[in-house]
Every structure is written in C-alpha cells, then in structure tokens.
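*Asks:* Hey, dropping work.cif in here, mmCIF, C-alpha atoms:
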data_protein
loop_
_atom_site.label_atom_id
_atom_site.label_comp_id
_atom_site.auth_asym_id
_atom_site.auth_seq_id
_atom_site.Cartn_x
_atom_site.Cartn_y
_atom_site.Cartn_z
CA MET A 179 107.92 180.69 188.59
CA GLU A 180 106.99 178.55 185.59
CA TRP A 181 103.31 179.52 185.72
CA LEU A 182 104.29 183.20 185.98
CA VAL A 183 106.50 182.97 182.86
CA LEU A 184 103.82 181.21 180.85
CA GLY A 185 101.19 183.65 182.11
CA LEU A 186 103.27 186.65 181.03
CA PHE A 187 103.73 185.13 177.58
CA CYS A 188 100.02 184.47 177.14
CA GLY A 189 99.31 187.99 178.36
CA GLY A 190 101.61 189.36 175.67
CA LEU A 191 99.73 187.40 173.02
CA LEU A 192 96.39 188.73 174.24
CA LEU A 193 97.72 192.29 174.36
CA CYS A 194 98.84 192.11 170.73
CA LEU A 195 95.45 190.78 169.72
CA LEU A 196 93.57 193.50 171.61
CA LEU A 197 95.76 196.30 170.25
CA ASP A 198 95.88 194.79 166.76
CA TRP A 199 99.68 194.61 166.85
CA SER A 200 101.68 192.05 164.91
CA ILE A 201 101.98 188.76 166.77
CA LEU A 202 105.72 188.92 166.00
CA TYR A 203 106.13 191.36 168.89
CA ALA A 204 104.61 188.88 171.35
CA LEU A 205 106.68 186.01 169.97
CA LEU A 206 109.92 187.98 170.24
CA ALA A 207 109.04 189.04 173.77
CA GLY A 208 108.26 185.40 174.56
CA LEU A 209 111.65 184.28 173.26
CA LEU A 210 113.39 186.82 175.47
CA LEU A 211 111.25 185.76 178.42
CA PHE A 212 112.09 182.07 177.95
CA LEU A 213 115.80 182.84 177.54
CA LEU A 214 115.77 184.81 180.80
CA TYR A 215 114.02 181.91 182.52
CA GLY A 216 116.71 179.54 181.26
CA ARG A 217 119.41 181.93 182.48
CA ARG A 218 117.81 181.97 185.92
CA LYS A 219 117.86 178.16 185.89
CA GLY A 220 121.63 178.26 185.49
CA PHE A 221 122.12 177.83 181.74
CA GLY A 222 124.69 179.98 179.93
CA TRP A 223 123.71 182.31 177.10
CA LYS A 224 125.64 180.24 174.56
CA ALA A 225 123.80 177.07 175.58
CA LEU A 226 120.41 178.84 175.51
CA LEU A 227 120.98 180.30 172.06
CA GLY A 228 122.07 176.86 170.88
CA MET A 229 118.76 175.43 172.14
CA ALA A 230 116.80 178.10 170.29
CA LEU A 231 118.77 177.50 167.10
CA ALA A 232 118.19 173.75 167.38
CA GLY A 233 114.44 174.39 167.45
CA VAL A 234 114.66 176.46 164.27
CA LYS A 235 116.76 173.81 162.52
CA ALA A 236 114.05 171.25 163.28
CA VAL A 237 111.58 173.09 161.01
CA LYS A 238 113.96 174.00 158.19
CA ASN A 239 112.00 171.80 155.79
CA ILE A 240 108.85 173.77 156.54
CA LEU A 241 110.66 177.04 155.81
CA ILE A 242 111.85 175.68 152.46
CA THR A 243 108.29 174.64 151.69
CA PHE A 244 107.10 178.20 152.41
CA LEU A 245 109.51 179.59 149.83
CA LEU A 246 108.39 177.05 147.26
CA ILE A 247 104.73 177.84 147.94
CA GLY A 248 105.35 181.54 147.41
CA VAL A 249 107.08 181.00 144.05
CA LEU A 250 104.59 178.33 142.96
CA THR A 251 101.49 180.43 143.60
CA ALA A 252 102.97 183.42 141.80
CA LEU A 253 104.04 181.45 138.70
CA TRP A 254 100.74 179.54 138.52
CA ARG A 255 99.09 182.93 138.20
CA ALA A 256 101.59 184.29 135.67
CA ALA A 257 101.46 181.11 133.54
CA GLY A 258 97.67 181.32 133.26
CA THR A 259 97.29 178.00 135.09
CA ILE A 260 94.72 179.27 137.56
CA PRO A 261 92.77 181.33 134.98
CA VAL A 262 92.47 178.36 132.60
CA ILE A 263 91.34 175.94 135.32
CA VAL A 264 88.87 178.48 136.70
CA SER A 265 87.49 179.23 133.25
CA TYR A 266 86.77 175.56 132.52
CA ALA A 267 85.60 174.65 136.01
CA ALA A 268 83.22 177.61 136.20
CA ARG A 269 81.34 176.24 133.21
CA LEU A 270 80.80 172.85 134.82
CA ILE A 271 80.12 173.33 138.54
CA ARG A 272 76.60 174.36 139.53
CA PRO A 273 76.46 177.00 142.27
CA GLY A 274 74.08 174.90 144.38
CA VAL A 275 76.77 172.28 145.02
CA PHE A 276 79.72 174.66 144.98
CA LEU A 277 80.51 174.50 148.71
CA LEU A 278 80.43 170.71 148.73
CA MET A 279 82.66 170.61 145.64
CA ALA A 280 85.06 173.14 147.19
CA PHE A 281 85.45 170.91 150.24
CA LEU A 282 85.90 167.73 148.17
CA LEU A 283 88.28 169.29 145.63
CA ASN A 284 90.54 170.71 148.34
CA ALA A 285 90.38 167.44 150.27
CA GLY A 286 91.45 165.53 147.14
CA VAL A 287 94.33 167.86 146.31
CA SER A 288 95.54 167.89 149.93
CA VAL A 289 95.64 164.08 149.96
CA LEU A 290 97.74 164.15 146.79
CA THR A 291 100.11 166.90 147.89
CA GLY A 292 100.07 166.46 151.69
CA THR A 293 100.20 170.21 152.30
CA SER A 294 97.39 172.43 153.54
CA PHE A 295 99.23 175.61 152.57
CA GLY A 296 99.97 174.38 149.06
CA THR A 297 96.38 173.18 148.63
CA ALA A 298 94.90 176.49 149.76
CA ALA A 299 97.31 178.43 147.57
CA THR A 300 96.34 176.46 144.46
CA MET A 301 92.95 174.75 144.54
CA GLY A 302 91.83 177.06 147.34
CA VAL A 303 92.53 180.15 145.25
CA ILE A 304 90.69 178.57 142.33
CA CYS A 305 87.64 177.86 144.50
CA ALA A 306 87.71 181.35 145.99
CA THR A 307 87.72 182.87 142.52
CA MET A 308 84.83 180.67 141.43
CA GLY A 309 82.96 181.48 144.63
CA ASP A 310 83.24 185.20 143.82
CA VAL A 311 81.83 184.53 140.36
CA PHE A 312 78.90 182.54 141.76
CA GLY A 313 78.19 185.12 144.45
CA VAL A 314 78.89 182.69 147.31
CA PRO A 315 79.98 184.55 150.48
CA VAL A 316 83.73 184.25 150.91
CA VAL A 317 83.28 183.35 154.59
CA LEU A 318 81.58 180.11 153.51
CA THR A 319 84.11 179.37 150.78
CA GLY A 320 86.97 179.93 153.22
CA GLY A 321 85.52 177.43 155.69
CA ALA A 322 85.08 174.74 153.03
CA VAL A 323 88.59 175.32 151.67
CA LEU A 324 90.20 175.25 155.12
CA ALA A 325 88.42 172.03 156.10
CA GLY A 326 89.34 170.32 152.84
CA ALA A 327 92.95 171.48 152.93
CA PHE A 328 93.51 169.91 156.35
CA PHE A 329 91.74 166.67 155.48
CA GLY A 330 94.78 165.51 153.49
CA ASP A 331 97.26 167.41 155.64
CA ARG A 332 96.23 164.98 158.37
CA CYS A 333 96.11 161.68 156.50
CA SER A 334 98.31 161.95 153.42
CA PRO A 335 101.46 159.77 153.30
CA VAL A 336 103.37 162.81 152.00
CA SER A 337 102.07 165.16 154.70
CA THR A 338 104.73 166.80 156.85
CA SER A 339 102.44 166.66 159.89
CA ALA A 340 101.70 162.95 159.41
CA LEU A 341 105.40 162.23 158.98
CA LEU A 342 106.26 164.36 162.02
CA VAL A 343 103.78 162.46 164.20
CA SER A 344 105.08 159.17 162.86
CA GLU A 345 108.67 160.16 163.64
CA LEU A 346 107.87 161.43 167.14
CA THR A 347 105.91 158.30 168.11
CA LYS A 348 108.16 155.84 166.22
CA THR A 349 105.18 154.39 164.33
CA SER A 350 104.45 153.58 160.68
CA VAL A 351 102.82 156.43 158.79
CA PHE A 352 100.82 153.97 156.67
CA ASP A 353 99.52 152.11 159.74
CA ASN A 354 98.57 155.45 161.24
CA ILE A 355 96.69 156.44 158.09
CA GLN A 356 94.62 153.25 158.17
CA ARG A 357 93.47 154.11 161.69
CA MET A 358 92.92 157.76 160.78
CA VAL A 359 90.59 156.82 157.94
CA LYS A 360 88.37 154.94 160.38
CA THR A 361 88.06 157.79 162.86
CA ALA A 362 87.52 160.34 160.07
CA LEU A 363 84.67 158.57 158.24
CA ILE A 364 81.71 159.89 160.25
CA PRO A 365 83.06 163.47 160.58
CA PHE A 366 83.86 163.52 156.85
CA LEU A 367 80.36 162.41 155.85
CA ALA A 368 78.79 164.85 158.31
CA SER A 369 80.89 167.68 156.84
CA CYS A 370 79.75 166.78 153.33
CA ALA A 371 76.13 166.91 154.51
CA VAL A 372 76.65 170.34 156.11
CA TYR A 373 78.23 171.83 152.98
CA ALA A 374 75.56 170.31 150.74
CA LEU A 375 72.84 171.83 152.93
CA LEU A 376 74.57 175.21 153.12
CA GLY A 377 74.90 175.22 149.34
CA LEU A 378 71.16 174.71 148.93
CA LEU A 379 70.28 177.41 151.49
CA THR A 380 72.81 180.06 150.40
CA PRO A 381 71.73 182.63 147.78
CA HIS A 382 74.02 182.54 144.78
CA GLY A 383 74.41 183.51 141.16
CA ALA A 384 72.51 182.17 138.21
CA GLY A 385 74.76 179.28 137.28
CA ALA A 386 77.69 178.30 135.11
CA MET A 387 79.60 181.30 133.79
CA ASP A 388 82.21 181.81 131.11
CA LEU A 389 85.20 183.74 132.41
CA SER A 390 87.22 183.31 129.22
CA ALA A 391 86.45 186.80 127.98
CA LEU A 392 87.65 188.36 131.22
CA PHE A 393 90.85 186.35 131.58
CA SER A 394 91.71 186.57 127.89
CA ARG A 395 92.39 190.28 128.43
CA GLU A 396 95.48 189.30 130.39
CA PHE A 397 96.37 185.74 129.34
CA THR A 398 96.53 183.41 126.38
CA LEU A 399 94.07 180.75 127.47
CA SER A 400 95.33 177.34 126.37
CA LEU A 401 95.41 173.84 127.82
CA TRP A 402 99.20 174.13 127.76
CA ALA A 403 98.83 176.40 130.77
CA VAL A 404 97.53 173.45 132.81
CA ILE A 405 100.90 171.66 132.58
CA PRO A 406 102.26 173.00 135.93
CA ALA A 407 99.16 171.72 137.76
CA ALA A 408 99.27 168.38 135.95
CA VAL A 409 102.93 167.94 136.94
CA ILE A 410 102.36 168.39 140.67
CA LEU A 411 99.29 166.13 140.66
CA ALA A 412 101.07 163.37 138.73
CA LEU A 413 104.14 163.46 140.97
CA SER A 414 101.95 163.41 144.07
CA LEU A 415 100.22 160.27 142.81
CA LEU A 416 103.67 158.74 142.43
CA ARG A 417 104.41 159.75 146.06
CA VAL A 418 107.28 162.02 145.10
CA ASN A 419 108.46 164.27 147.93
CA VAL A 420 106.20 167.33 148.06
CA LYS A 421 109.10 169.78 147.82
CA LEU A 422 110.41 168.05 144.71
CA ALA A 423 106.90 168.01 143.23
CA MET A 424 106.54 171.74 143.86
CA ALA A 425 109.96 172.44 142.39
CA ALA A 426 109.06 170.42 139.28
CA SER A 427 105.80 172.35 138.92
CA ILE A 428 107.71 175.63 139.19
CA LEU A 429 110.14 174.52 136.48
CA ALA A 430 107.23 173.46 134.29
CA ALA A 431 105.60 176.87 134.74
CA VAL A 432 108.68 178.78 133.52
CA PRO A 433 108.47 177.87 129.79
CA VAL A 434 104.69 178.35 129.88
CA CYS A 435 105.21 181.88 131.24
CA LEU A 436 107.91 182.67 128.69
CA LEU A 437 106.51 181.06 125.55
CA LEU A 438 102.75 181.19 126.05
CA GLN A 439 102.19 184.31 128.16
CA GLY A 440 105.08 186.41 126.82
CA GLN A 441 106.80 187.05 130.15
CA THR A 442 110.50 187.90 130.21
CA PRO A 443 113.12 186.19 132.39
CA LEU A 444 113.50 189.38 134.44
CA SER A 445 109.76 189.69 134.98
CA LEU A 446 109.61 186.07 136.18
CA VAL A 447 112.25 186.78 138.81
CA GLN A 448 110.26 189.81 139.96
CA ILE A 449 107.03 187.80 140.05
CA ALA A 450 108.67 184.98 142.02
CA LEU A 451 109.96 187.46 144.59
CA ALA A 452 107.15 190.01 144.86
CA GLY A 453 104.13 188.16 143.49
CA PHE A 454 102.00 188.43 140.35
CA THR A 455 100.30 191.73 139.49
CA ALA A 456 97.80 191.87 136.63
CA ALA A 457 97.45 194.97 134.47
CA ASP A 458 93.66 194.67 134.17
CA PRO A 459 91.94 195.85 137.41
CA GLN A 460 89.19 193.19 137.26
CA VAL A 461 91.69 190.40 136.73
CA ALA A 462 93.95 191.87 139.41
CA ALA A 463 91.11 191.73 141.95
CA MET A 464 90.89 187.96 141.40
CA LEU A 465 94.48 186.89 140.81
CA ASP A 466 97.08 189.25 142.28
CA GLY A 467 99.31 187.71 144.94
CA GLY A 468 101.84 185.01 145.69
CA GLY A 469 105.61 185.36 145.70
CA ILE A 470 108.30 184.86 148.33
CA ALA A 471 107.43 188.22 149.89
CA SER A 472 103.99 186.89 150.84
CA MET A 473 105.66 184.17 152.94
CA LEU A 474 108.18 186.29 154.85
CA ARG A 475 105.93 187.12 157.81
CA VAL A 476 104.80 183.50 158.04
CA GLY A 477 108.39 182.31 157.96
CA ALA A 478 109.36 184.72 160.74
CA ILE A 479 106.52 183.47 162.95
CA VAL A 480 107.57 179.85 162.44
CA CYS A 481 111.25 180.58 163.11
CA ILE A 482 110.60 182.36 166.39
CA SER A 483 107.93 180.03 167.73
CA SER A 484 109.88 176.92 166.76
CA SER A 485 112.86 178.13 168.78
CA TYR A 486 110.76 177.53 171.91
CA SER A 487 110.49 173.73 171.77
CA VAL A 488 114.04 172.77 172.77
CA LEU A 489 114.14 175.59 175.32
CA PHE A 490 111.02 174.18 176.97
CA GLN A 491 112.46 170.67 177.02
CA LYS A 492 115.94 171.49 178.35
CA THR A 493 114.97 174.10 180.94
CA GLY A 494 112.07 172.10 182.37
CA LEU A 495 109.68 175.01 181.95
CA LEU A 496 106.77 172.67 181.19
CA ASP A 497 107.36 170.06 183.93
CA ARG A 498 104.63 171.42 186.20
CA VAL A 499 102.26 171.64 183.23
CA LYS A 500 102.98 168.01 182.49
CA GLY A 501 102.00 167.05 186.02
CA ALA A 502 98.71 168.92 185.68
CA ILE A 503 98.00 167.11 182.41
CA GLY A 504 98.58 163.78 184.12
CA ARG A 505 95.99 164.65 186.73
CA LEU A 506 93.54 165.74 184.03
CA SER A 507 94.10 162.45 182.18
CA ARG A 508 93.27 160.43 185.25
CA ARG A 509 89.95 162.27 185.55
CA THR A 510 88.84 162.57 181.92
CA GLY A 511 90.89 160.08 179.91
CA PRO A 512 94.00 160.52 177.73
CA PHE A 513 92.20 161.73 174.61
CA CYS A 514 90.41 164.55 176.41
CA ALA A 515 93.68 165.55 178.10
CA THR A 516 95.47 165.54 174.73
CA LEU A 517 92.69 167.64 173.18
CA VAL A 518 92.86 170.27 175.93
CA THR A 519 96.66 170.29 175.76
CA SER A 520 96.65 170.67 171.97
CA ALA A 521 94.27 173.60 172.15
CA LEU A 522 96.44 175.38 174.73
CA ALA A 523 99.64 174.46 172.87
CA GLY A 524 98.15 175.82 169.64
CA MET A 525 97.43 179.14 171.35
CA VAL A 526 101.06 179.39 172.43
CA ALA A 527 102.80 177.83 169.43
CA CYS A 528 100.93 179.75 166.71
CA ASN A 529 101.73 177.05 164.15
CA GLN A 530 100.91 173.41 163.58
CA SER A 531 104.37 171.87 163.83
CA LEU A 532 105.21 173.33 167.23
CA THR A 533 101.71 172.48 168.46
CA ILE A 534 102.38 168.83 167.57
CA LEU A 535 105.82 168.93 169.21
CA LEU A 536 104.50 170.46 172.43
CA ALA A 537 101.48 168.16 172.59
CA HIS A 538 103.75 165.14 172.19
CA GLN A 539 106.18 166.42 174.83
CA LEU A 540 103.33 166.86 177.30
CA CYS A 541 101.09 163.89 176.41
CA GLY A 542 103.46 161.31 174.96
CA GLU A 543 103.37 159.19 178.15
CA LEU A 544 99.58 159.11 178.55
CA ARG A 545 99.25 155.98 176.40
CA SER A 546 101.15 152.71 176.64
CA ASP A 547 100.75 152.05 172.89
CA PRO A 548 102.60 154.56 170.64
CA SER A 549 100.08 154.02 167.82
CA ASP A 550 97.33 155.26 170.16
CA THR A 551 99.42 158.33 170.95
CA ALA A 552 99.89 158.95 167.22
CA LEU A 553 96.14 158.73 166.58
CA ASP A 554 95.40 161.08 169.48
CA LEU A 555 97.84 163.65 168.10
CA GLU A 556 96.39 163.38 164.59
CA ASP A 557 92.85 163.84 165.89
CA THR A 558 93.73 166.79 168.12
CA ALA A 559 96.91 168.79 167.49
CA VAL A 560 96.86 168.49 163.70
CA VAL A 561 93.26 169.68 163.26
CA VAL A 562 92.95 171.99 166.28
CA ALA A 563 95.93 174.19 165.33
CA PRO A 564 94.14 175.83 162.34
CA LEU A 565 91.16 176.69 164.55
CA ILE A 566 93.28 179.08 166.67
CA PRO A 567 92.54 182.57 165.25
CA TRP A 568 96.11 183.86 165.56
CA SER A 569 97.83 180.65 164.40
CA ILE A 570 99.35 180.64 160.94
CA ALA A 571 97.98 177.12 160.47
CA GLY A 572 94.59 178.62 159.68
CA ALA A 573 95.51 182.23 158.97
CA VAL A 574 97.75 181.43 155.99
CA PRO A 575 95.23 179.26 154.06
CA LEU A 576 92.44 181.74 154.77
CA GLY A 577 94.70 184.62 153.76
CA ALA A 578 95.55 182.86 150.50
CA VAL A 579 91.88 182.73 149.52
CA GLY A 580 91.02 186.15 150.93
CA ALA A 581 88.64 184.80 153.59
CA PRO A 582 88.16 186.35 157.06
CA GLY A 583 89.26 184.62 160.25
CA VAL A 584 85.66 183.88 161.21
CA SER A 585 85.66 181.29 158.41
CA VAL A 586 87.15 178.81 160.90
CA LEU A 587 83.61 178.44 162.27
CA LEU A 588 82.59 176.97 158.91
CA ALA A 589 85.54 174.54 158.75
CA CYS A 590 83.22 171.79 159.98
CA TYR A 591 85.56 168.83 159.62
CA LEU A 592 88.20 170.40 161.88
CA TYR A 593 85.98 170.39 164.95
CA LEU A 594 83.62 167.53 164.10
CA LEU A 595 86.59 165.11 164.09
CA PRO A 596 87.85 165.80 167.64
CA LEU A 597 84.24 166.07 168.87
CA TRP A 598 83.46 162.62 167.42
CA ARG A 599 86.59 161.16 169.01
CA LEU A 600 85.72 162.79 172.32
CA ILE A 601 82.29 161.17 172.22
CA THR A 602 83.56 157.72 171.23
CA SER A 603 86.82 157.59 173.21
CA LYS A 604 86.92 155.32 176.25
CA GLN A 605 89.43 154.38 178.88
CA ASP A 606 91.13 151.09 178.09
CA GLY A 607 94.02 148.94 179.17
CA ARG A 608 96.41 150.82 176.93
CA THR A 609 96.16 153.96 179.06
CA ARG A 610 99.26 154.89 181.03
CA PRO A 611 98.48 157.72 183.48
CA LEU A 612 101.40 159.95 184.36
CA PRO A 613 102.74 159.56 187.90
CA ARG A 614 101.51 162.03 190.47
CA ARG A 615 103.80 164.99 190.98
#
What is this structure when it is put down as structure tokens?

*Replies:*
Amino acid sequence: MEWLVLGLFCGGLLLCLLLDWSILYALLAGLLLFLLYGRRKGFGWKALLGMALAGVKAVKNILITFLLIGVLTALWRAAGTIPVIVSYAARLIRPGVFLLMAFLLNAGVSVLTGTSFGTAATMGVICATMGDVFGVPVVLTGGAVLAGAFFGDRCSPVSTSALLVSELTKTSVFDNIQRMVKTALIPFLASCAVYALLGLLTPHGAGAMDLSALFSREFTLSLWAVIPAAVILALSLLRVNVKLAMAASILAAVPVCLLLQGQTPLSLVQIALAGFTAADPQVAAMLDGGGIASMLRVGAIVCISSSYSVLFQKTGLLDRVKGAIGRLSRRTGPFCATLVTSALAGMVACNQSLTILLAHQLCGELRSDPSDTALDLEDTAVVVAPLIPWSIAGAVPLGAVGAPGVSVLLACYLYLLPLWRLITSKQDGRTRPLPRR
C-alpha cells in the first residue's frame, strides 16, 4: 500500500513535468493522496488536517524570509543599490576571471547572510547583469551563482539549513561548521579551478565597461545608494538574525528611494508588492523584478510540501522505506545511503527544508554519533536539493538571475562535495545499521 501511494505521487510529479503543468497540481494531489492514506490507517480528518498544519507551522520562518526577500530585491532595485554596485564593479572585474569572481562573491555573501535565496536575489542579480554586459552565457553565470549561493547556505552560522540540521541532530552549529570546512576544502578548490578554466575558454566581451550612462537614465547614481547593501553586510558580520538584517536593509532602502531616487510612498508600496519596473526598456531588461508577488508561487510550494512531513511521521507511510534504507546502508555504508535518500527525498519534497527533514527521519539512526549524522546531512540533503530540476531550492535562485534550469550542471561545488565525500567515506565504529525489518 505504501509503495503504491508513493508511486502514484511520483507519477503525478512526472506527469506535470512532461505536460509542462505547474508542480502545484502534483503537490495538491499528493496532499490529498496522503490524507486519504492516513484516513485508511484509521486517523480522523481533524487529526490529519492538524498534522498537515503542524508541518506548515514548522516552516513559518522560511515563509517570512520569502516575503522579506521579495521586498528587499524590489527596493534594492528602486533605490539604485544594484545599479550603483554593478556600475562600479563592471569597471574593475576583467571578463576572463568573471566566472571565478561570481562564484567567490556569491560564496562570500552567502556566508555572511546564510541564505541562498537572498544571495541569489542580491549578489546573484548583480553578477547576472555584469555577465550580460561581458557577453558571458547566462547558463555559465547561473551555475557559478548557484554554487556560490549554497556554499554559505551550508556552512554559515546564520543559515536556516545549518540551524535546522543542528536542531534535528541536537548538535552545535559551530562544531558542525568546523567539520564542514574540512570536507568542503577540496571540492571548493576544485570548483575554483573549474570556473577559472571556463572563464579563460569562454568567449566574452572586450573588458571593463562603464554602465553609468545607461543607468543614469533611470537613477541618480550615488554612493548613498549602497547604504542598504552595507547595512545587511554589516549586520551579517555581527551575526544578527538574517530576517532582522533583511528588515533593516529594507528600512534603509526606503529613505534612499524617497530622497535620492524621487519615489513616492505610494509607489514604494506598489514596488514592494508587485516588483520594480523601469521606464527605460534597456534598464528594464536588466533590472525589472522582485516584490512579494514574485514569491507567492514559491511560498505555495513550500506550504503544501511542508505539510507532508508530520503526515509521513504519524501515519507510518515511510516505515517500509526506512527498512529499505537500512538494508542499503549495510551494503554501501551510511553516507551512500544518506546520499541516495536525500536525492529521492529532494525529488518528492521539492524544497530544501523538507528534504532535510525527510532525510533525517529516514537516516537519523544510521550513525551512532549525532555529529556524523549532521555532517552527512550537510554534505547530501543541503547541497543535493538545489540539483533537483523541479525543486525550488535551485529553481528560485536560477529564476532570480534569469538562468535556465540546465545551469545546475555548471554548479560544480554542489555535486563535487557529495562526490568527494562518497570517495573518502569509510565504514567505521560509529556506524549504527538499522535493524532488519
């Protein structure tokens, strides 16, 4: 029965992909399917709906972050923050090292902010704009941005994924980060080498360019416009909660929009809700976007998919799957089993948080040491989720920079890390195979 239910759900996902329908249809059908399964297991409708609601409540902080990201990205555009940074950066960065710099810049910002979505929506958008100017294919830029954005999402002390893993495994986030740095060193250096080589081999524009003339048609270009970016970077260095840092950056952008760019209070409300729209067509092609409206579909996907986790746990839908994972662990080792589980969970969950939750539910007993479990989750679920084509973990950052889904193939760090761990992982005394079922 359980395998049939899961098979029908996966079939619905594949059908939506083949017919190019919204994944929301498959997720809603999946929710109904899982509720019916729970009803057949003897649970009442009230209890089942309570389970689904509990799953949604568990990700309420992520939903709040989505709203802040939408407002932040819109106001950074309206305040001239992105145009000013792009104008100055475009004069300094040579096209030959652009891809390497895009990876490093996004990695640095993601470490400071702890959010892949926020990084892609700010530094990622800046890099995408510069890439267009330099003539670098957006598929390459998207890969470098995605890899860099998830570098810090994995190992930042203010990362929601790192904190979630720490909470689930009852371990110290700072101890986990120390171990994560060690396993990431070789994949990080290898990724830098790949992007440096691609930069040398990729045809590109003639060099540093001055975009001031273009952006000055729409904005007053002044260093005052950089204040919103400086605020979020400074607060991140001080380890202020990422939501508070984003909120502070939004507040800092308001007077810049009003006093420097001549926006009205009403126009700011409209921009925050619907996104920024430039009057000049050339500027619009580079900068239009953002706003709460741009996050609504993403928020709906997270709400629906997150309602699954408690349903799975309470109804026992995944018990047989857990037994199969135990058998796989005995044959291949706990890391390989966790990697396979994370990939399959990512295909079902469609977002990073639920992928982590499911992977922990299914693989949390494979190791006797919780810190080993935490490291396994960080090196699998956290970085594998954005590689799933229909998962918002990768789709949202790529969408923010206007890159196609195939860019995940160029996000080198995301698959070099689990591959390196797979090569170097060994069975040891801390392994705790699941009992045979």

*Asks:* Could you name the residues that touch Pro261 (chain A) at 9 Å or less, counting all atoms listed in the file, but leaving out those on the same chain fewer than 3 positions away, as a count of residues only?

*Replies:* 16

*Asks:* Counting all atoms listed in the file, what are the residues of region 319-398 of chain A within 9 Å of region 580-588 of chain A, and for each of them which pair of atoms is the nearest and at what distance in Å, to one decimal? Sort the table by chain and rising number, as a tab-separated table.

*Replies:*
residue	atom	partner	partner_atom	distance
A:Thr319	CA	A:Ala581	CA	7.6
A:Gly320	CA	A:Ala581	CA	5.2
A:Gly321	CA	A:Leu588	CA	4.4
A:Ala322	CA	A:Leu588	CA	6.8
A:Leu324	CA	A:Val586	CA	7.4
A:Ala325	CA	A:Leu588	CA	8.1
A:Tyr373	CA	A:Leu588	CA	9.0

*Asks:* Counting all atoms listed in the file, which of A:Leu536, A:Ile566, A:Val480, A:Ala573 gets nearest to Leu496 (chain A)?

*Replies:* A:Leu536

*Asks:* Output the residue selection produced by the PyMOL selection byres ((chain A and resi 600) around 10) on the file above, formatted as an MDAnalysis selection string.

*Replies:* chainID A and resid 511 513:514 517 557:558 594:599 601:604

*Asks:* Which residues are near Gly233 (chain A)? Cut-off 12 Å, only C-alpha atoms, ignore same chain within fewer than 3 positions. Put them as a list in words.

*Replies:*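 These residues fall inside the cut-off: Leu209, Leu226, Leu227, Gly228, Met229, Ala230, Ala236, Val237, Lys238, Val480, Cys481, Ile482, Ser483, Ser484, Ser485, Tyr486, Ser487, Val488, Leu489, Phe490, Gln491, Lys492, Ser531, Leu532, Leu535 and Leu536 of chain A.
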
*Asks:* Tell me which residues the PyMOL selection byres ((chain A and resi 539-545) around 10) grabs here, as a PDB file with C-alpha atoms, in the coordinates of the input.

*Replies:*
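selection-v1.pdb, written as the output of this step:
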ATOM      1  CA  LEU A 346     107.870 161.430 167.140  1.00  0.00           C
ATOM      2  CA  THR A 347     105.910 158.300 168.110  1.00  0.00           C
ATOM      3  CA  SER A 487     110.490 173.730 171.770  1.00  0.00           C
ATOM      4  CA  PHE A 490     111.020 174.180 176.970  1.00  0.00           C
ATOM      5  CA  GLN A 491     112.460 170.670 177.020  1.00  0.00           C
ATOM      6  CA  LEU A 496     106.770 172.670 181.190  1.00  0.00           C
ATOM      7  CA  ASP A 497     107.360 170.060 183.930  1.00  0.00           C
ATOM      8  CA  VAL A 499     102.260 171.640 183.230  1.00  0.00           C
ATOM      9  CA  LYS A 500     102.980 168.010 182.490  1.00  0.00           C
ATOM     10  CA  GLY A 501     102.000 167.050 186.020  1.00  0.00           C
ATOM     11  CA  ALA A 502      98.710 168.920 185.680  1.00  0.00           C
ATOM     12  CA  ILE A 503      98.000 167.110 182.410  1.00  0.00           C
ATOM     13  CA  GLY A 504      98.580 163.780 184.120  1.00  0.00           C
ATOM     14  CA  SER A 507      94.100 162.450 182.180  1.00  0.00           C
ATOM     15  CA  ARG A 508      93.270 160.430 185.250  1.00  0.00           C
ATOM     16  CA  GLY A 511      90.890 160.080 179.910  1.00  0.00           C
ATOM     17  CA  PRO A 512      94.000 160.520 177.730  1.00  0.00           C
ATOM     18  CA  PHE A 513      92.200 161.730 174.610  1.00  0.00           C
ATOM     19  CA  ALA A 515      93.680 165.550 178.100  1.00  0.00           C
ATOM     20  CA  THR A 516      95.470 165.540 174.730  1.00  0.00           C
ATOM     21  CA  LEU A 517      92.690 167.640 173.180  1.00  0.00           C
ATOM     22  CA  THR A 519      96.660 170.290 175.760  1.00  0.00           C
ATOM     23  CA  SER A 520      96.650 170.670 171.970  1.00  0.00           C
ATOM     24  CA  ALA A 523      99.640 174.460 172.870  1.00  0.00           C
ATOM     25  CA  THR A 533     101.710 172.480 168.460  1.00  0.00           C
ATOM     26  CA  ILE A 534     102.380 168.830 167.570  1.00  0.00           C
ATOM     27  CA  LEU A 535     105.820 168.930 169.210  1.00  0.00           C
ATOM     28  CA  LEU A 536     104.500 170.460 172.430  1.00  0.00           C
ATOM     29  CA  ALA A 537     101.480 168.160 172.590  1.00  0.00           C
ATOM     30  CA  HIS A 538     103.750 165.140 172.190  1.00  0.00           C
ATOM     31  CA  SER A 546     101.150 152.710 176.640  1.00  0.00           C
ATOM     32  CA  ASP A 547     100.750 152.050 172.890  1.00  0.00           C
ATOM     33  CA  PRO A 548     102.600 154.560 170.640  1.00  0.00           C
ATOM     34  CA  SER A 549     100.080 154.020 167.820  1.00  0.00           C
ATOM     35  CA  ASP A 550      97.330 155.260 170.160  1.00  0.00           C
ATOM     36  CA  THR A 551      99.420 158.330 170.950  1.00  0.00           C
ATOM     37  CA  ALA A 552      99.890 158.950 167.220  1.00  0.00           C
ATOM     38  CA  ASP A 554      95.400 161.080 169.480  1.00  0.00           C
ATOM     39  CA  LEU A 555      97.840 163.650 168.100  1.00  0.00           C
ATOM     40  CA  ASP A 606      91.130 151.090 178.090  1.00  0.00           C
ATOM     41  CA  GLY A 607      94.020 148.940 179.170  1.00  0.00           C
ATOM     42  CA  ARG A 608      96.410 150.820 176.930  1.00  0.00           C
ATOM     43  CA  THR A 609      96.160 153.960 179.060  1.00  0.00           C
ATOM     44  CA  ARG A 610      99.260 154.890 181.030  1.00  0.00           C
ATOM     45  CA  PRO A 611      98.480 157.720 183.480  1.00  0.00           C
ATOM     46  CA  LEU A 612     101.400 159.950 184.360  1.00  0.00           C
ATOM     47  CA  PRO A 613     102.740 159.560 187.900  1.00  0.00           C
TER      48      PRO A 613
END

*Asks:* If the PyMOL selection byres ((chain A and resi 367) around 12) were run on this exact file, what residues would it hold? Put them as a list in words.

*Replies:*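 Matching residues under the PyMOL selection byres ((chain A and resi 367) around 12) are Leu278, Phe281, Leu282, Val359, Lys360, Thr361, Ala362, Leu363, Ile364, Pro365, Phe366, Ala368, Ser369, Cys370, Ala371, Val372, Tyr373, Ala374, Cys590, Tyr591, Leu594, Leu595 and Trp598 of chain A.
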
*Asks:* So how far away is CA of Leu437 (chain A) from CA of Ala412 (chain A), in Å?

*Replies:*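 CA of Ala412 (chain A) sits 22.7 Å away from CA of Leu437 (chain A).
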
*Asks:* Do you know which residues are at most 9 Å from Leu211 (chain A) counting all atoms listed in the file, after dropping those on the same chain fewer than 6 positions away, and could you put them as a PyMOL selection string?

*Replies:* chain A and resi 183+186-187

*Asks:* One decimal, in Å: what's the spacing between CA of Thr493 (chain A) and CA of Glu345 (chain A)?

*Replies:* 23.1 Å

*Asks:* Kindly extract all protein, DNA and RNA residues lying within 6 Å of the coordinates (95.9, 174.8, 134.0) given in the file, considering all atoms listed in the file, and supply them as a PyMOL selection string.

*Replies:* chain A and resi 259-260+262-263+403-404+407
